[in-house]
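A short write-up of the structure that comes next.
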Amino acid sequence: MKGIQKKYGQDKLQVLLLSVDSGYGINPQRAMESDLKTMTKQGVQDWPNVVLPNGMKDTERMFNLDGYGLTLVDPNGIVRGIHIYGDDVTELLEKGFGK
Amino acid sequence: MLIYRKIVSLFAVSYRFSLLKLHSPFRTAAASLFLLPAVSLMGCQSQDVRASNAKPLPMPTAAKGEVVVKLEPSRLKREGQLKIGKGWFGAPTFDQKEEQLVSGNVTVNGEKFAIGIPKDGPYELKADEDEYKNSSMRISVDANNDGRLPDHESWFSSNPFRIGDSMFTVSAVDPGGTWITLAKSSVPLAGVVLGRRCPDFELWTTTGKKVTLADYKGKHLLLDVWSMT
């Protein structure tokens with residue numbers, strides 16, 4: 001993910017983290033702090049992170065997502081990939097950038 | 001009914017063992033060997049039979065703002081979520097369960113969509129709020145009409161769900177699985193669907209910044225559902 005972000009730059013691609021830790025009974029404040037620790041360790045502390053108070057129940061309700069993974073939305077707001085991983089992300093992005 | 005059946009089976013098996021005239025210690029050991037699986041098997045059988053053998057109710061007339069969809073046996077299957085695990089010597093294992101559906105068609109804003117629900121139920125429309133996992137029935141919508149129903153094209157019936165660019169709720173479902181009643185919902189568009197616009201969102205980041213879908217106009221956006229646990 002870090003590599004992908006670096007490759008395309010912030011002006012072409014943005015990542016929005018949706019943390020579901022609170023859904024496992026972790027206090028949202030504590031979840032926020034632990035998330036930041038993990039993000040710092042991975043060098044992505046600058047990425048916007050949203051702690052969803054009801055965890056996966058919120059992702060279900062808002063996006064119909066009930067599992068971990070990536071969802072790609074193109075510059076026109078059209079969904080191009082759901083539950084995508086690894087090479088699929090790169091492939092879809094390359095297609096999106098017309099490569 | 002289930003308890004009654006279990007008691008009857010216990011008596012039946014016990015009676016058969018008494019006829020075999022086994023010596024007492026052998027009889028006890030042999031009986032426990034046979035009785036336990038017999039009892040658990042009976043329990044499983046009655047649960048399996050429950051949904052698929054439920055008597056279908058007559059199809060109701062649609063009320064205003066509702067649509068009644070006739071469901072029939074079909075080839076459609078819901079593809080479960082691909083679960084990647086670790087097997088022997090750390091080798092990856094892949095597990096993806098399929099679920100046979102009964103399906104029908106619904107037309108929304110001039111577009112026809114196939115929808116389906118599990119052939120054998122259970123048809124629970126409400127989720128237990130205390131449970132971590134939503135246990136309500138899954139309703140599948142073939143959003144891109146490709147005849148495939150991956151996991152992301154199925155919705156929990158306890159939540160409003162998306163068909164095309166409209167939201168619906170499940171009002172009722174036949175216990176026999178022959179029809180389902182859907183009602184148009186006024187909730188804002190929700191749920192990501194391949195090839196369709198992402199629903200608007202307004203969220204607050206941990207740094208106190210408001211983010212909306214409009215902020216990402218002209219850029220690709222990767223939504224990453226994650227957890228540090």
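If you're wondering about the labels, chains in the structure tokens are A, B, ... by order shown, residues count from 1 in each chain, ligands from 1 in order shown.
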Per DSSP on the backbone, what are the strand (DSSP E) residues of chain A, as a ChimeraX atom specification? /A:13-19,49-51,69-73,79-84
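DSSP on the backbone gives helix (DSSP H, G or I) for these parts of region 53-202 of chain B: B:Trp88, B:Phe89, B:Gly90, B:Asp151, B:His152, B:Glu153.
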Exercise: region 47-52 of chain A partners within 8 Å, only C-alpha atoms, chain neighbours under 2 positions left out, as a PDB file with N, CA and C atoms, in the first residue's frame:
ATOM      1  N   VAL A  15      -5.546   7.448   0.206  1.00  0.00           N
ATOM      2  CA  VAL A  15      -5.994   6.295   0.988  1.00  0.00           C
ATOM      3  C   VAL A  15      -6.761   6.813   2.192  1.00  0.00           C
ATOM      4  N   LEU A  16      -7.914   6.217   2.446  1.00  0.00           N
ATOM      5  CA  LEU A  16      -8.675   6.564   3.649  1.00  0.00           C
ATOM      6  C   LEU A  16      -8.814   5.292   4.483  1.00  0.00           C
ATOM      7  N   LEU A  17      -8.229   5.323   5.666  1.00  0.00           N
ATOM      8  CA  LEU A  17      -8.275   4.146   6.544  1.00  0.00           C
ATOM      9  C   LEU A  17      -9.555   4.159   7.367  1.00  0.00           C
ATOM     10  N   LEU A  18     -10.211   3.029   7.402  1.00  0.00           N
ATOM     11  CA  LEU A  18     -11.424   2.886   8.220  1.00  0.00           C
ATOM     12  C   LEU A  18     -11.137   1.824   9.272  1.00  0.00           C
ATOM     13  N   SER A  19     -10.877   2.271  10.475  1.00  0.00           N
ATOM     14  CA  SER A  19     -10.512   1.333  11.540  1.00  0.00           C
ATOM     15  C   SER A  19     -11.766   0.773  12.223  1.00  0.00           C
ATOM     16  N   VAL A  20     -11.802  -0.545  12.355  1.00  0.00           N
ATOM     17  CA  VAL A  20     -12.980  -1.193  12.962  1.00  0.00           C
ATOM     18  C   VAL A  20     -12.669  -1.734  14.365  1.00  0.00           C
ATOM     19  N   ASP A  21     -11.583  -1.262  14.940  1.00  0.00           N
ATOM     20  CA  ASP A  21     -11.168  -1.762  16.262  1.00  0.00           C
ATOM     21  C   ASP A  21     -12.230  -1.592  17.342  1.00  0.00           C
ATOM     22  N   SER A  22     -12.965  -0.485  17.278  1.00  0.00           N
ATOM     23  CA  SER A  22     -13.975  -0.235  18.326  1.00  0.00           C
ATOM     24  C   SER A  22     -15.068  -1.295  18.347  1.00  0.00           C
ATOM     25  N   GLY A  23     -15.240  -1.953  17.225  1.00  0.00           N
ATOM     26  CA  GLY A  23     -16.264  -3.000  17.146  1.00  0.00           C
ATOM     27  C   GLY A  23     -15.912  -4.227  17.969  1.00  0.00           C
ATOM     28  N   PRO A  28     -13.015   3.694  21.889  1.00  0.00           N
ATOM     29  CA  PRO A  28     -12.582   4.433  20.699  1.00  0.00           C
ATOM     30  C   PRO A  28     -11.311   5.253  20.922  1.00  0.00           C
ATOM     31  N   ALA A  31      -8.510   2.857  20.927  1.00  0.00           N
ATOM     32  CA  ALA A  31      -8.341   2.364  19.552  1.00  0.00           C
ATOM     33  C   ALA A  31      -7.561   3.385  18.729  1.00  0.00           C
ATOM     34  N   MET A  32      -7.917   4.654  18.920  1.00  0.00           N
ATOM     35  CA  MET A  32      -7.274   5.738  18.189  1.00  0.00           C
ATOM     36  C   MET A  32      -5.769   5.758  18.480  1.00  0.00           C
ATOM     37  N   VAL A  44       2.920   5.200   8.078  1.00  0.00           N
ATOM     38  CA  VAL A  44       1.764   5.788   7.372  1.00  0.00           C
ATOM     39  C   VAL A  44       0.939   6.655   8.323  1.00  0.00           C
ATOM     40  N   GLN A  45       1.590   7.246   9.305  1.00  0.00           N
ATOM     41  CA  GLN A  45       0.876   8.028  10.322  1.00  0.00           C
ATOM     42  C   GLN A  45       0.179   9.270   9.747  1.00  0.00           C
ATOM     43  N   ASN A  54     -18.793   1.712  15.854  1.00  0.00           N
ATOM     44  CA  ASN A  54     -19.403   0.379  15.905  1.00  0.00           C
ATOM     45  C   ASN A  54     -18.680  -0.631  15.011  1.00  0.00           C
ATOM     46  N   GLY A  55     -17.457  -0.303  14.667  1.00  0.00           N
ATOM     47  CA  GLY A  55     -16.629  -1.222  13.896  1.00  0.00           C
ATOM     48  C   GLY A  55     -17.261  -1.684  12.601  1.00  0.00           C
ATOM     49  N   MET A  56     -17.206  -2.984  12.383  1.00  0.00           N
ATOM     50  CA  MET A  56     -17.692  -3.583  11.135  1.00  0.00           C
ATOM     51  C   MET A  56     -19.192  -3.334  10.912  1.00  0.00           C
ATOM     52  N   ASP A  58     -20.618  -0.551  11.276  1.00  0.00           N
ATOM     53  CA  ASP A  58     -20.668   0.723  10.557  1.00  0.00           C
ATOM     54  C   ASP A  58     -20.271   0.561   9.093  1.00  0.00           C
ATOM     55  N   THR A  59     -19.234  -0.257   8.835  1.00  0.00           N
ATOM     56  CA  THR A  59     -18.830  -0.445   7.429  1.00  0.00           C
ATOM     57  C   THR A  59     -19.917  -1.197   6.658  1.00  0.00           C
TER      58      THR A  59
ATOM     59  N   LEU B 203     -17.283  11.665   7.245  1.00  0.00           N
ATOM     60  CA  LEU B 203     -16.629  11.005   8.378  1.00  0.00           C
ATOM     61  C   LEU B 203     -15.619  11.945   9.021  1.00  0.00           C
ATOM     62  N   TRP B 204     -15.274  11.656  10.251  1.00  0.00           N
ATOM     63  CA  TRP B 204     -14.298  12.476  10.975  1.00  0.00           C
ATOM     64  C   TRP B 204     -13.058  11.635  11.254  1.00  0.00           C
ATOM     65  N   THR B 205     -11.916  12.175  10.850  1.00  0.00           N
ATOM     66  CA  THR B 205     -10.674  11.430  11.063  1.00  0.00           C
ATOM     67  C   THR B 205     -10.206  11.611  12.509  1.00  0.00           C
ATOM     68  N   THR B 206      -9.207  10.853  12.893  1.00  0.00           N
ATOM     69  CA  THR B 206      -8.701  10.921  14.280  1.00  0.00           C
ATOM     70  C   THR B 206      -8.030  12.268  14.569  1.00  0.00           C
ATOM     71  N   THR B 207      -7.715  13.025  13.512  1.00  0.00           N
ATOM     72  CA  THR B 207      -7.123  14.351  13.750  1.00  0.00           C
ATOM     73  C   THR B 207      -8.200  15.443  13.752  1.00  0.00           C
TER      74      THR B 207
END
Just need the residues of chain B within 9 Å of chain A, counting only C-alpha atoms, so spit them out as number ranges by chain. B: 81, 132-134, 152-156, 159-161, 189-199, 201, 203-207, 209, 211, 213-214, 216-229
Could you pull the residues within 9 Å of Pro58 (chain B), counting only C-alpha atoms, minus those fewer than 4 positions along the same chain, as an mmCIF file with C-alpha atoms, in the first residue's frame?
data_model
loop_
_atom_site.group_PDB
_atom_site.id
_atom_site.type_symbol
_atom_site.label_atom_id
_atom_site.label_comp_id
_atom_site.auth_asym_id
_atom_site.auth_seq_id
_atom_site.Cartn_x
_atom_site.Cartn_y
_atom_site.Cartn_z
ATOM 1 C CA ASP B 174 -42.281 -16.465 2.964
ATOM 2 C CA THR B 178 -41.391 -18.738 -2.503
ATOM 3 C CA TRP B 179 -41.710 -14.943 -2.289
#
Could you pull the residues within 12 Å of Thr61 (chain B), counting only C-alpha atoms, minus those fewer than 2 positions along the same chain, as a ChimeraX atom specification? /B:58-59,63-70,172,179-182
Writer output for current selection, C-alpha atoms, as an mmCIF file, in the first residue's frame:
data_model
loop_
_atom_site.group_PDB
_atom_site.id
_atom_site.type_symbol
_atom_site.label_atom_id
_atom_site.label_comp_id
_atom_site.auth_asym_id
_atom_site.auth_seq_id
_atom_site.Cartn_x
_atom_site.Cartn_y
_atom_site.Cartn_z
ATOM 1 C CA PRO B 58 -49.779 -17.656 -0.435
ATOM 2 C CA MET B 59 -48.205 -14.707 -2.216
ATOM 3 C CA ALA B 63 -49.061 -2.635 -0.618
ATOM 4 C CA LYS B 64 -48.267 0.899 -1.766
ATOM 5 C CA GLY B 65 -44.499 1.402 -2.091
ATOM 6 C CA GLU B 66 -43.888 -2.325 -1.913
ATOM 7 C CA VAL B 67 -43.015 -4.964 -4.440
ATOM 8 C CA VAL B 68 -43.609 -8.680 -4.038
ATOM 9 C CA VAL B 69 -41.020 -10.794 -5.837
ATOM 10 C CA LYS B 70 -41.802 -14.386 -6.750
ATOM 11 C CA ALA B 172 -41.537 -9.924 4.758
ATOM 12 C CA TRP B 179 -41.710 -14.943 -2.289
ATOM 13 C CA ILE B 180 -40.219 -11.867 -0.676
ATOM 14 C CA THR B 181 -41.722 -8.424 -0.107
ATOM 15 C CA LEU B 182 -39.467 -5.395 -0.559
#
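What separates CA of Asn144 (chain B) from CA of Arg162 (chain B) is a distance of 12.5 Å.
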Show which residues sit within 12 Å of Pro150 (chain B), as a ChimeraX atom specification. Count only C-alpha atoms, and ignore same-chain residues fewer than 6 positions away. /A:82-83 /B:76-82,96-99,139-144,193-194
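Between CA of Arg75 (chain B) and CA of Arg138 (chain B) the interatomic distance comes to 16.8 Å.
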Separating CA of Tyr123 (chain B) from CA of Gly104 (chain B), to the nearest tenth of an Å, is a gap of 16.1 Å
